[in-house]
Amino acid sequence: MVFRAERMGSSVDRSSTQRRMKSPDDLSVFDLVPDEILRSVFERLDLIDIIRAKVVCSSWNELGEEFVSKTPWLMLPSREEVERGDGTESNLRAYSGFLKLGESEVCSMKKIPKELRESCCIGSSNGWLIFLEEKAVPFLFHPFRQVKIALPSLYGLLGLRRMERTADGDFEVERFNDPKVYYGKQELRYYFIRKAILTGEPDCNKKYSVILLLKDGRIAYHKSGGSCWTEVLDTRHAPYQDIICHQNLLFALSEGNNIEIWNCEGDFMSKRIHIVPTFPEKSLAKANSFGDLCTIKLYLVESCGDILLVVRFIGEFVDSDGNLVQEGDVLDWVCSYRTCLFHVYKLDFNELKWVEMAALGDRVLFLGGNQSVSVSTQSFPDCKGNLIYYTDDYFQRMEEDYSYGGHDMGVYNLKDGTVKPIYEYSSEQILPPPCWIIPDPKPC
């Protein structure tokens with residue numbers, strides 16, 4: 001796979017007439033196939049075959065993008081790498097393929113770029129991935145358009161003197177006036193950047209912004225055309241659990257259930273509103289009943305103009321039968337963490353309270369290390385309504401044991417509480433953790 005930093009064409013629906021305007025020296029025999037015939041062929045192909053066909057030439061890539069972008073994908077590490085060895089080499093593994101929902105065959109990359117092997121994925125948003133590589137340099141990568149865009153270094157923002165990748169795949173980090181520390185690749189998500197999201201379209205000559213949620217509670221952003229990162233001012237209720245962008249507004253959810261909203265338009269973000277809806281009593285009672293058996297993760301999701309709160313209950317130690325157990329009861333066997341329950345609520349802006357949603361209708365939620373997303377089955381017919389597709393984002397514990405980590409993924413049915421697998425490995429240590437790639441959905 002070839003990375004390109006420049007924009008690849010102005011549109012994916014370029015006509016055959018426009019293609020004929022290319023210089024004859026730039027055309028191949030494949031570029032001369034008329035759009036109508038090529039489209040008819042693509043409509044008969046499996047999406048995996050379309051991805052393979054996209055690398056033939058630029059015109060096939062442009063037309064194939066129309067088909068590829070119509071479905072969510074799950075980016076996965078190599079089954080061969082995951083299932084061999086004892087887990088000690090997990091930091092050397094790479095993302096190697098993509099899984100379409102409802103299918104079992106993974107579309108594998110024949111050649112894995114070193115950036116995908118050596119860098120840590122810190123976010124997925126609007127069909128783009130955000131990675132952090134050594135020397136604290138982040139970059140945007142579109143896996144299907146094969147576009148890479150470099151972003152400014154984070155040395156200053158993170159207060160680092162040095163960040164280098166070792167031969168074992170760990171990251172050696174030095175802060176000013178502190179001794180060097182070694183972190184696993186996925187630990188970078190916990191100790192430095194919790195989440196990265198994107199607004200706009202970077203490769204379409206349009207303005208865009210990358211927004212980071214940092215471990216210490218700060219929020220920072222980079223706007224296209226700039227050369228640095230800027231901290232969001234007036235962050236009163238850090239640390240934050242989640243951030244999302246909707247209609248040029250940044251929403252941040254704090255641990256105290258505060259929601260702060262900033263206007264993203266213009267050169268600098270400005271605080272717009274701060275609200276404090278009461279935390280749902282049902283989830284509070286459930287959390288109290290679980291005690292220290294479960295941890296809670298909160299997500300904000302925009303859905304057809306509504307703001308949703310999703311409460312995810314993750315059992316700290318879950319046995320093979322799905323039972324929650326105390327850490328002290330785990331003696332001779334390994335019990336990994338695992339998601340056991342979700343609650344979903346809609347924000348009533350008038351009453352400033354969360355209203356429980358017993359069903360999602362035709363909506364589908366995608367949660368994990370990606371920007372939390374709600375899509376419609378009308379826009380993505382491969383999805384089924386009333387389901388929550390989730391991946392592992394418990395970065396604090398992801399690399400604590402060689403036998404698990406990255407494994408906590410599935411499909412949760414909000415109606416009956418059942419969980420089905422998305423894709424199964426024989427190992428419970430699935431690193432780097434699977435990550436959603438969700439194209440920018442059509443508006444409701």
# chains A, B, ... in the order shown; residues from 1 in each chain; ligands from 1

$ select_by_dssp --residues "segment 235-344 of chain A" --states "strand (DSSP E)" --output "short mmCIF file (atom, residue, chain, number, x, y, z; two decimals) with all heavy atoms, in the first residue's frame"
data_model
loop_
_atom_site.label_atom_id
_atom_site.label_comp_id
_atom_site.auth_asym_id
_atom_site.auth_seq_id
_atom_site.Cartn_x
_atom_site.Cartn_y
_atom_site.Cartn_z
N TYR A 240 -12.35 14.74 31.39
CA TYR A 240 -13.54 14.42 30.59
C TYR A 240 -13.55 12.96 30.20
O TYR A 240 -12.51 12.35 29.98
CB TYR A 240 -13.59 15.31 29.35
CG TYR A 240 -13.66 16.79 29.69
CD1 TYR A 240 -12.51 17.58 29.69
CD2 TYR A 240 -14.87 17.37 30.04
CE1 TYR A 240 -12.58 18.92 30.03
CE2 TYR A 240 -14.95 18.70 30.38
CZ TYR A 240 -13.80 19.49 30.38
OH TYR A 240 -13.86 20.81 30.72
N GLN A 241 -14.76 12.41 30.08
CA GLN A 241 -14.94 11.02 29.71
C GLN A 241 -15.00 10.85 28.19
O GLN A 241 -14.55 9.83 27.65
CB GLN A 241 -16.24 10.48 30.33
CG GLN A 241 -16.16 10.27 31.81
CD GLN A 241 -15.78 8.85 32.16
OE1 GLN A 241 -15.86 7.95 31.34
NE2 GLN A 241 -15.35 8.64 33.40
N ASP A 242 -15.57 11.81 27.50
CA ASP A 242 -15.75 11.67 26.06
C ASP A 242 -15.95 13.04 25.42
O ASP A 242 -16.36 14.00 26.09
CB ASP A 242 -16.97 10.77 25.76
CG ASP A 242 -16.94 10.20 24.34
OD1 ASP A 242 -15.89 10.32 23.67
OD2 ASP A 242 -17.97 9.64 23.90
N ILE A 243 -15.62 13.12 24.13
CA ILE A 243 -15.86 14.32 23.34
C ILE A 243 -16.44 13.92 22.00
O ILE A 243 -16.12 12.87 21.45
CB ILE A 243 -14.57 15.15 23.12
CG1 ILE A 243 -13.48 14.30 22.47
CG2 ILE A 243 -14.09 15.77 24.41
CD1 ILE A 243 -12.23 15.08 22.08
N ILE A 244 -17.35 14.76 21.48
CA ILE A 244 -17.88 14.57 20.13
C ILE A 244 -18.04 15.94 19.49
O ILE A 244 -18.10 16.97 20.19
CB ILE A 244 -19.23 13.83 20.11
CG1 ILE A 244 -20.29 14.61 20.91
CG2 ILE A 244 -19.09 12.41 20.61
CD1 ILE A 244 -21.70 14.06 20.74
N CYS A 245 -18.12 15.96 18.16
CA CYS A 245 -18.42 17.19 17.43
C CYS A 245 -19.70 17.01 16.64
O CYS A 245 -19.92 15.95 16.05
CB CYS A 245 -17.27 17.55 16.48
SG CYS A 245 -15.95 18.48 17.26
N HIS A 246 -20.52 18.06 16.64
CA HIS A 246 -21.77 18.03 15.87
C HIS A 246 -22.14 19.45 15.49
O HIS A 246 -22.22 20.34 16.35
CB HIS A 246 -22.89 17.39 16.70
CG HIS A 246 -24.24 17.46 16.06
ND1 HIS A 246 -24.50 16.91 14.81
CD2 HIS A 246 -25.41 18.02 16.47
CE1 HIS A 246 -25.77 17.12 14.49
NE2 HIS A 246 -26.33 17.79 15.48
N LEU A 249 -20.02 22.24 16.75
CA LEU A 249 -20.00 22.38 18.20
C LEU A 249 -19.23 21.20 18.80
O LEU A 249 -19.39 20.06 18.36
CB LEU A 249 -21.42 22.41 18.77
CG LEU A 249 -22.31 23.59 18.39
CD1 LEU A 249 -23.71 23.40 18.96
CD2 LEU A 249 -21.71 24.90 18.87
N LEU A 250 -18.41 21.50 19.80
CA LEU A 250 -17.69 20.47 20.53
C LEU A 250 -18.40 20.23 21.85
O LEU A 250 -18.60 21.15 22.64
CB LEU A 250 -16.24 20.90 20.79
CG LEU A 250 -15.43 20.02 21.74
CD1 LEU A 250 -15.21 18.64 21.13
CD2 LEU A 250 -14.11 20.68 22.10
N PHE A 251 -18.78 18.96 22.10
CA PHE A 251 -19.42 18.56 23.34
C PHE A 251 -18.42 17.75 24.16
O PHE A 251 -17.81 16.81 23.64
CB PHE A 251 -20.66 17.69 23.07
CG PHE A 251 -21.79 18.40 22.38
CD1 PHE A 251 -21.73 18.66 21.01
CD2 PHE A 251 -22.91 18.80 23.09
CE1 PHE A 251 -22.77 19.29 20.36
CE2 PHE A 251 -23.97 19.44 22.44
CZ PHE A 251 -23.89 19.69 21.07
N ALA A 252 -18.26 18.09 25.44
CA ALA A 252 -17.36 17.35 26.33
C ALA A 252 -18.13 16.92 27.56
O ALA A 252 -18.81 17.73 28.21
CB ALA A 252 -16.17 18.21 26.72
N LEU A 253 -18.03 15.63 27.90
CA LEU A 253 -18.73 15.07 29.05
C LEU A 253 -17.72 14.81 30.16
O LEU A 253 -16.75 14.07 29.97
CB LEU A 253 -19.41 13.76 28.65
CG LEU A 253 -20.07 12.96 29.77
CD1 LEU A 253 -21.29 13.70 30.31
CD2 LEU A 253 -20.46 11.57 29.29
N SER A 254 -17.96 15.40 31.33
CA SER A 254 -17.05 15.21 32.46
C SER A 254 -17.52 14.07 33.34
O SER A 254 -18.64 13.57 33.21
CB SER A 254 -16.96 16.49 33.29
OG SER A 254 -18.12 16.65 34.09
N ILE A 259 -21.84 18.76 31.04
CA ILE A 259 -21.64 18.82 29.60
C ILE A 259 -21.27 20.26 29.25
O ILE A 259 -22.04 21.19 29.50
CB ILE A 259 -22.89 18.39 28.82
CG1 ILE A 259 -23.22 16.94 29.12
CG2 ILE A 259 -22.67 18.58 27.31
CD1 ILE A 259 -24.46 16.45 28.40
N GLU A 260 -20.08 20.42 28.68
CA GLU A 260 -19.63 21.73 28.24
C GLU A 260 -19.60 21.76 26.72
O GLU A 260 -19.21 20.78 26.07
CB GLU A 260 -18.25 22.03 28.81
CG GLU A 260 -18.25 22.08 30.34
CD GLU A 260 -16.86 22.31 30.91
OE1 GLU A 260 -16.31 23.41 30.70
OE2 GLU A 260 -16.33 21.39 31.54
N ILE A 261 -20.00 22.90 26.14
CA ILE A 261 -20.14 23.01 24.69
C ILE A 261 -19.38 24.23 24.21
O ILE A 261 -19.54 25.33 24.76
CB ILE A 261 -21.63 23.11 24.29
CG1 ILE A 261 -22.43 21.93 24.87
CG2 ILE A 261 -21.78 23.14 22.77
CD1 ILE A 261 -23.93 22.04 24.67
N TRP A 262 -18.52 24.01 23.19
CA TRP A 262 -17.76 25.10 22.57
C TRP A 262 -18.14 25.24 21.10
O TRP A 262 -18.50 24.26 20.44
CB TRP A 262 -16.26 24.83 22.65
CG TRP A 262 -15.66 24.93 24.01
CD1 TRP A 262 -15.07 26.01 24.59
CD2 TRP A 262 -15.58 23.89 24.99
NE1 TRP A 262 -14.63 25.72 25.85
CE2 TRP A 262 -14.92 24.42 26.13
CE3 TRP A 262 -15.99 22.55 25.01
CZ2 TRP A 262 -14.67 23.67 27.27
CZ3 TRP A 262 -15.76 21.81 26.14
CH2 TRP A 262 -15.10 22.36 27.25
N ASN A 263 -18.05 26.48 20.61
CA ASN A 263 -18.24 26.75 19.19
C ASN A 263 -16.91 26.52 18.48
O ASN A 263 -15.89 27.12 18.84
CB ASN A 263 -18.72 28.19 18.99
CG ASN A 263 -19.17 28.46 17.57
OD1 ASN A 263 -18.71 27.82 16.63
ND2 ASN A 263 -20.08 29.42 17.41
N SER A 270 -14.67 28.92 21.22
CA SER A 270 -15.22 29.76 22.29
C SER A 270 -16.30 29.01 23.04
O SER A 270 -17.10 28.28 22.45
CB SER A 270 -15.79 31.06 21.71
OG SER A 270 -16.78 30.79 20.73
N LYS A 271 -16.31 29.17 24.37
CA LYS A 271 -17.30 28.50 25.22
C LYS A 271 -18.68 29.03 24.91
O LYS A 271 -18.91 30.24 24.82
CB LYS A 271 -16.96 28.76 26.68
CG LYS A 271 -17.73 27.91 27.68
CD LYS A 271 -17.31 26.47 27.61
CE LYS A 271 -17.78 25.68 28.80
NZ LYS A 271 -17.05 26.01 30.02
N ARG A 272 -19.63 28.11 24.74
CA ARG A 272 -20.99 28.52 24.40
C ARG A 272 -21.97 28.29 25.55
O ARG A 272 -22.78 29.14 25.87
CB ARG A 272 -21.46 27.76 23.16
CG ARG A 272 -22.86 28.13 22.72
CD ARG A 272 -23.17 27.60 21.33
NE ARG A 272 -24.54 27.89 20.95
CZ ARG A 272 -25.07 27.59 19.77
NH1 ARG A 272 -24.32 27.01 18.85
NH2 ARG A 272 -26.33 27.87 19.49
N ILE A 273 -21.91 27.10 26.16
CA ILE A 273 -22.88 26.78 27.20
C ILE A 273 -22.32 25.69 28.09
O ILE A 273 -21.43 24.93 27.70
CB ILE A 273 -24.24 26.33 26.57
CG1 ILE A 273 -25.34 26.32 27.61
CG2 ILE A 273 -24.08 24.96 25.90
CD1 ILE A 273 -26.72 26.02 27.01
N HIS A 274 -22.86 25.61 29.30
CA HIS A 274 -22.49 24.58 30.27
C HIS A 274 -23.76 24.13 30.96
O HIS A 274 -24.51 24.94 31.52
CB HIS A 274 -21.49 25.15 31.28
CG HIS A 274 -21.30 24.31 32.49
ND1 HIS A 274 -21.22 24.83 33.76
CD2 HIS A 274 -21.19 22.96 32.63
CE1 HIS A 274 -21.06 23.85 34.63
NE2 HIS A 274 -21.04 22.71 33.97
N ILE A 275 -24.05 22.82 30.90
CA ILE A 275 -25.27 22.30 31.52
C ILE A 275 -24.90 21.13 32.43
O ILE A 275 -23.89 20.45 32.22
CB ILE A 275 -26.32 21.86 30.47
CG1 ILE A 275 -25.73 20.79 29.54
CG2 ILE A 275 -26.80 23.06 29.66
CD1 ILE A 275 -26.73 20.26 28.54
N CYS A 294 -17.50 -3.84 38.92
CA CYS A 294 -17.60 -3.23 37.59
C CYS A 294 -16.98 -1.85 37.58
O CYS A 294 -16.96 -1.14 38.60
CB CYS A 294 -19.06 -3.10 37.15
SG CYS A 294 -19.75 -4.56 36.37
N THR A 295 -16.48 -1.47 36.42
CA THR A 295 -16.13 -0.08 36.18
C THR A 295 -17.11 0.47 35.15
O THR A 295 -17.74 -0.30 34.40
CB THR A 295 -14.68 0.04 35.65
OG1 THR A 295 -14.31 1.41 35.63
CG2 THR A 295 -14.55 -0.53 34.24
N ILE A 296 -17.25 1.79 35.11
CA ILE A 296 -18.22 2.42 34.21
C ILE A 296 -17.49 3.32 33.22
O ILE A 296 -16.60 4.08 33.61
CB ILE A 296 -19.26 3.23 35.01
CG1 ILE A 296 -20.17 2.31 35.81
CG2 ILE A 296 -20.10 4.10 34.08
CD1 ILE A 296 -21.18 3.06 36.65
N LYS A 297 -17.89 3.25 31.97
CA LYS A 297 -17.41 4.18 30.96
C LYS A 297 -18.62 4.90 30.37
O LYS A 297 -19.67 4.28 30.14
CB LYS A 297 -16.64 3.46 29.85
CG LYS A 297 -15.30 2.89 30.32
CD LYS A 297 -14.49 2.34 29.18
CE LYS A 297 -13.95 3.43 28.27
NZ LYS A 297 -12.94 4.27 28.93
N LEU A 298 -18.46 6.21 30.15
CA LEU A 298 -19.54 7.03 29.63
C LEU A 298 -19.19 7.52 28.23
O LEU A 298 -18.05 7.87 27.95
CB LEU A 298 -19.80 8.23 30.54
CG LEU A 298 -20.08 7.93 32.02
CD1 LEU A 298 -20.26 9.24 32.79
CD2 LEU A 298 -21.30 7.04 32.18
N TYR A 299 -20.21 7.57 27.37
CA TYR A 299 -20.03 8.03 25.99
C TYR A 299 -21.11 9.04 25.64
O TYR A 299 -22.28 8.88 26.03
CB TYR A 299 -20.13 6.86 25.00
CG TYR A 299 -19.19 5.73 25.25
CD1 TYR A 299 -19.53 4.70 26.14
CD2 TYR A 299 -17.95 5.65 24.62
CE1 TYR A 299 -18.68 3.63 26.37
CE2 TYR A 299 -17.09 4.58 24.84
CZ TYR A 299 -17.46 3.58 25.73
OH TYR A 299 -16.61 2.52 25.96
N LEU A 300 -20.72 10.05 24.88
CA LEU A 300 -21.69 10.95 24.25
C LEU A 300 -21.85 10.53 22.80
O LEU A 300 -20.87 10.22 22.12
CB LEU A 300 -21.21 12.40 24.30
CG LEU A 300 -21.32 13.16 25.62
CD1 LEU A 300 -20.79 14.58 25.43
CD2 LEU A 300 -22.76 13.20 26.13
N VAL A 301 -23.11 10.54 22.32
CA VAL A 301 -23.39 10.19 20.93
C VAL A 301 -24.43 11.15 20.39
O VAL A 301 -25.44 11.42 21.05
CB VAL A 301 -23.91 8.74 20.80
CG1 VAL A 301 -23.99 8.34 19.33
CG2 VAL A 301 -23.05 7.77 21.57
N GLU A 302 -24.19 11.67 19.20
CA GLU A 302 -25.22 12.47 18.51
C GLU A 302 -26.04 11.54 17.64
O GLU A 302 -25.50 10.73 16.88
CB GLU A 302 -24.55 13.56 17.66
CG GLU A 302 -25.55 14.48 16.97
CD GLU A 302 -26.12 13.91 15.67
OE1 GLU A 302 -25.38 13.20 14.96
OE2 GLU A 302 -27.31 14.15 15.38
N SER A 303 -27.37 11.64 17.73
CA SER A 303 -28.25 10.77 16.95
C SER A 303 -29.45 11.55 16.47
O SER A 303 -30.32 11.92 17.25
CB SER A 303 -28.70 9.58 17.81
OG SER A 303 -29.56 8.72 17.07
N ASP A 306 -30.37 14.55 18.42
CA ASP A 306 -30.42 14.32 19.86
C ASP A 306 -29.03 14.00 20.40
O ASP A 306 -28.18 13.47 19.68
CB ASP A 306 -31.36 13.16 20.20
CG ASP A 306 -32.82 13.49 19.92
OD1 ASP A 306 -33.22 14.63 20.23
OD2 ASP A 306 -33.54 12.61 19.41
N ILE A 307 -28.80 14.33 21.67
CA ILE A 307 -27.57 13.96 22.34
C ILE A 307 -27.87 12.79 23.28
O ILE A 307 -28.74 12.89 24.15
CB ILE A 307 -26.98 15.14 23.15
CG1 ILE A 307 -26.65 16.30 22.20
CG2 ILE A 307 -25.73 14.70 23.90
CD1 ILE A 307 -25.62 15.97 21.13
N LEU A 308 -27.15 11.70 23.07
CA LEU A 308 -27.36 10.50 23.87
C LEU A 308 -26.22 10.31 24.85
O LEU A 308 -25.08 10.68 24.58
CB LEU A 308 -27.46 9.25 22.98
CG LEU A 308 -28.43 9.26 21.80
CD1 LEU A 308 -28.45 7.89 21.13
CD2 LEU A 308 -29.82 9.68 22.23
N LEU A 309 -26.55 9.73 25.99
CA LEU A 309 -25.57 9.28 26.97
C LEU A 309 -25.63 7.75 27.01
O LEU A 309 -26.70 7.17 27.22
CB LEU A 309 -25.88 9.84 28.36
CG LEU A 309 -25.05 9.26 29.51
CD1 LEU A 309 -23.60 9.72 29.41
CD2 LEU A 309 -25.64 9.66 30.87
N VAL A 310 -24.49 7.11 26.80
CA VAL A 310 -24.42 5.65 26.88
C VAL A 310 -23.55 5.29 28.08
O VAL A 310 -22.42 5.77 28.20
CB VAL A 310 -23.84 5.04 25.60
CG1 VAL A 310 -23.82 3.51 25.71
CG2 VAL A 310 -24.65 5.46 24.37
N VAL A 311 -24.09 4.47 28.96
CA VAL A 311 -23.38 4.00 30.14
C VAL A 311 -22.98 2.55 29.90
O VAL A 311 -23.85 1.69 29.69
CB VAL A 311 -24.24 4.12 31.41
CG1 VAL A 311 -23.43 3.72 32.64
CG2 VAL A 311 -24.78 5.54 31.56
N ARG A 312 -21.69 2.28 29.92
CA ARG A 312 -21.16 0.94 29.67
C ARG A 312 -20.61 0.36 30.97
O ARG A 312 -19.74 0.97 31.61
CB ARG A 312 -20.07 1.00 28.60
CG ARG A 312 -19.38 -0.32 28.26
CD ARG A 312 -18.37 -0.08 27.15
NE ARG A 312 -17.66 -1.29 26.75
CZ ARG A 312 -16.77 -1.35 25.75
NH1 ARG A 312 -16.51 -0.25 25.05
NH2 ARG A 312 -16.17 -2.47 25.44
N PHE A 313 -21.12 -0.80 31.38
CA PHE A 313 -20.66 -1.47 32.60
C PHE A 313 -19.69 -2.58 32.19
O PHE A 313 -20.06 -3.50 31.44
CB PHE A 313 -21.84 -2.06 33.37
CG PHE A 313 -22.81 -1.04 33.89
CD1 PHE A 313 -23.84 -0.56 33.09
CD2 PHE A 313 -22.69 -0.54 35.18
CE1 PHE A 313 -24.74 0.39 33.57
CE2 PHE A 313 -23.59 0.40 35.67
CZ PHE A 313 -24.61 0.88 34.85
N ILE A 314 -18.47 -2.50 32.68
CA ILE A 314 -17.44 -3.48 32.34
C ILE A 314 -17.06 -4.25 33.60
O ILE A 314 -16.59 -3.66 34.59
CB ILE A 314 -16.18 -2.81 31.76
CG1 ILE A 314 -16.55 -1.95 30.54
CG2 ILE A 314 -15.13 -3.85 31.39
CD1 ILE A 314 -15.38 -1.16 29.99
N GLY A 315 -17.30 -5.55 33.59
CA GLY A 315 -16.91 -6.39 34.72
C GLY A 315 -15.40 -6.46 34.83
O GLY A 315 -14.72 -6.76 33.85
N ARG A 338 -14.66 -7.70 31.00
CA ARG A 338 -15.60 -7.91 29.90
C ARG A 338 -16.86 -7.07 30.10
O ARG A 338 -17.35 -6.94 31.23
CB ARG A 338 -15.98 -9.39 29.78
CG ARG A 338 -16.64 -9.76 28.45
CD ARG A 338 -16.78 -11.28 28.33
NE ARG A 338 -15.50 -11.95 28.39
CZ ARG A 338 -14.67 -12.08 27.35
NH1 ARG A 338 -15.00 -11.54 26.18
NH2 ARG A 338 -13.54 -12.74 27.48
N THR A 339 -17.38 -6.49 29.02
CA THR A 339 -18.59 -5.67 29.08
C THR A 339 -19.80 -6.57 29.36
O THR A 339 -19.95 -7.63 28.75
CB THR A 339 -18.80 -4.92 27.76
OG1 THR A 339 -17.72 -3.99 27.59
CG2 THR A 339 -20.12 -4.16 27.77
N CYS A 340 -20.65 -6.12 30.29
CA CYS A 340 -21.81 -6.94 30.65
C CYS A 340 -23.15 -6.22 30.46
O CYS A 340 -24.20 -6.89 30.44
CB CYS A 340 -21.68 -7.42 32.09
SG CYS A 340 -21.42 -6.11 33.31
N LEU A 341 -23.14 -4.90 30.31
CA LEU A 341 -24.42 -4.19 30.27
C LEU A 341 -24.25 -2.80 29.68
O LEU A 341 -23.20 -2.17 29.84
CB LEU A 341 -24.97 -4.08 31.70
CG LEU A 341 -26.32 -3.37 31.92
CD1 LEU A 341 -27.45 -4.14 31.27
CD2 LEU A 341 -26.58 -3.21 33.41
N PHE A 342 -25.31 -2.32 28.99
CA PHE A 342 -25.37 -0.93 28.50
C PHE A 342 -26.70 -0.30 28.91
O PHE A 342 -27.74 -0.97 28.92
CB PHE A 342 -25.29 -0.88 26.96
CG PHE A 342 -23.92 -1.10 26.39
CD1 PHE A 342 -23.53 -2.36 25.96
CD2 PHE A 342 -23.03 -0.04 26.26
CE1 PHE A 342 -22.28 -2.57 25.42
CE2 PHE A 342 -21.77 -0.24 25.72
CZ PHE A 342 -21.39 -1.51 25.29
N HIS A 343 -26.67 0.98 29.25
CA HIS A 343 -27.87 1.80 29.39
C HIS A 343 -27.74 2.98 28.43
O HIS A 343 -26.65 3.52 28.25
CB HIS A 343 -28.01 2.35 30.82
CG HIS A 343 -28.34 1.33 31.84
ND1 HIS A 343 -28.20 1.58 33.20
CD2 HIS A 343 -28.80 0.06 31.74
CE1 HIS A 343 -28.57 0.50 33.88
NE2 HIS A 343 -28.93 -0.43 33.02
N VAL A 344 -28.87 3.37 27.80
CA VAL A 344 -28.86 4.47 26.84
C VAL A 344 -29.91 5.50 27.24
O VAL A 344 -31.06 5.13 27.56
CB VAL A 344 -29.12 3.98 25.40
CG1 VAL A 344 -29.07 5.15 24.41
CG2 VAL A 344 -28.11 2.91 24.99
#

$ residues_around --residues "segment 138-146 of chain A" --least-positions-apart "3" --cutoff "6 Å" --atoms "only C-alpha atoms" --output "list in words"
Phe3, Trp128, Leu129, Ile130, Phe131, Leu132, Ile149, Ala150 and Leu151 of chain A

$ atom_distance --atom1 "atom CA of Cys107 of chain A" --atom2 "atom CA of Asp401 of chain A"
28.9 Å

$ closest_residue --among "A:Thr230, A:Gln371, A:Thr71, A:Ser283" --to "Trp354 of chain A" --atoms "only C-alpha atoms"
A:Ser283

$ residues_around --residues "Thr166 of chain A" --least-positions-apart "5" --cutoff "12 Å" --atoms "only C-alpha atoms" --output "PyMOL selection string"
chain A and resi 91-92+118-119+134-135+171-173+181-185

$ select_by_dssp --residues "segment 239-319 of chain A" --states "helix (DSSP H, G or I)" --output "short mmCIF file (atom, residue, chain, number, x, y, z; two decimals) with N, CA, C and O atoms, in the first residue's frame"
data_model
loop_
_atom_site.label_atom_id
_atom_site.label_comp_id
_atom_site.auth_asym_id
_atom_site.auth_seq_id
_atom_site.Cartn_x
_atom_site.Cartn_y
_atom_site.Cartn_z
N GLU A 281 -30.79 7.87 37.57
CA GLU A 281 -30.90 7.11 38.82
C GLU A 281 -30.75 5.61 38.58
O GLU A 281 -30.18 4.89 39.39
N LYS A 282 -31.26 5.13 37.44
CA LYS A 282 -31.19 3.70 37.15
C LYS A 282 -29.74 3.24 37.06
O LYS A 282 -29.36 2.21 37.64
N SER A 283 -28.92 4.01 36.35
CA SER A 283 -27.51 3.63 36.19
C SER A 283 -26.74 3.80 37.50
O SER A 283 -25.84 3.02 37.81
N LEU A 284 -27.10 4.84 38.26
CA LEU A 284 -26.45 5.05 39.55
C LEU A 284 -26.74 3.89 40.50
O LEU A 284 -25.84 3.39 41.19
N ALA A 285 -28.01 3.44 40.52
CA ALA A 285 -28.38 2.31 41.38
C ALA A 285 -27.67 1.03 40.94
O ALA A 285 -27.21 0.24 41.78
N LYS A 286 -27.57 0.82 39.62
CA LYS A 286 -26.90 -0.38 39.12
C LYS A 286 -25.41 -0.35 39.46
O LYS A 286 -24.83 -1.36 39.85
N ALA A 287 -24.81 0.82 39.33
CA ALA A 287 -23.38 0.95 39.67
C ALA A 287 -23.15 0.66 41.14
O ALA A 287 -22.17 -0.01 41.52
N ASN A 288 -24.04 1.15 42.00
CA ASN A 288 -23.91 0.89 43.44
C ASN A 288 -24.08 -0.59 43.76
O ASN A 288 -23.42 -1.13 44.66
N SER A 289 -24.98 -1.25 43.02
CA SER A 289 -25.20 -2.68 43.28
C SER A 289 -24.00 -3.52 42.85
O SER A 289 -23.69 -4.53 43.49
N PHE A 290 -23.32 -3.11 41.77
CA PHE A 290 -22.13 -3.82 41.32
C PHE A 290 -20.93 -3.57 42.23
O PHE A 290 -20.07 -4.42 42.39
N GLY A 291 -20.87 -2.38 42.81
CA GLY A 291 -19.73 -2.04 43.65
C GLY A 291 -18.43 -2.06 42.87
O GLY A 291 -18.37 -1.56 41.74
N ASP A 292 -17.40 -2.68 43.43
CA ASP A 292 -16.12 -2.72 42.75
C ASP A 292 -15.99 -3.88 41.76
O ASP A 292 -14.91 -4.13 41.22
N LEU A 293 -17.09 -4.56 41.49
CA LEU A 293 -17.08 -5.63 40.49
C LEU A 293 -17.05 -5.07 39.07
O LEU A 293 -16.66 -5.78 38.14
#

$ closest_residue --among "A:Lys415, A:Lys54, A:Arg397, A:Lys180" --to "Leu38 of chain A" --atoms "only C-alpha atoms"
A:Lys54

$ closest_residue --among "A:Ala359, A:Ser96, A:Gly159, A:Tyr412" --to "Val82 of chain A" --atoms "only C-alpha atoms"
A:Ser96

$ closest_residue --among "A:Glu80, A:Val375, A:Asn386, A:Gly156" --to "Met357 of chain A" --atoms "only C-alpha atoms"
A:Asn386

$ atom_distance --atom1 "atom CA of Ser426 of chain A" --atom2 "atom CA of Leu324 of chain A"
22.0 Å

$ atom_distance --atom1 "atom CA of Glu133 of chain A" --atom2 "atom CA of Ile438 of chain A"
22.4 Å

$ residues_around --residues "Glu81 of chain A" --least-positions-apart "4" --cutoff "12 Å" --atoms "only C-alpha atoms" --output "list in words"
Leu76, Pro77, Gly85, Asp86, Gly87, Thr88, Glu89, Ser90, Asn91, Leu92, Arg93, Ala94, Tyr95, Ser96, Arg117, Tyr425, Ser426, Ser427, Gln429, Ile430, Leu431 and Pro432 of chain A

$ residues_around --residues "segment 220-226 of chain A" --least-positions-apart "2" --cutoff "8 Å" --atoms "only C-alpha atoms" --output "ChimeraX atom specification"
/A:202,207-214,218,228-232,267
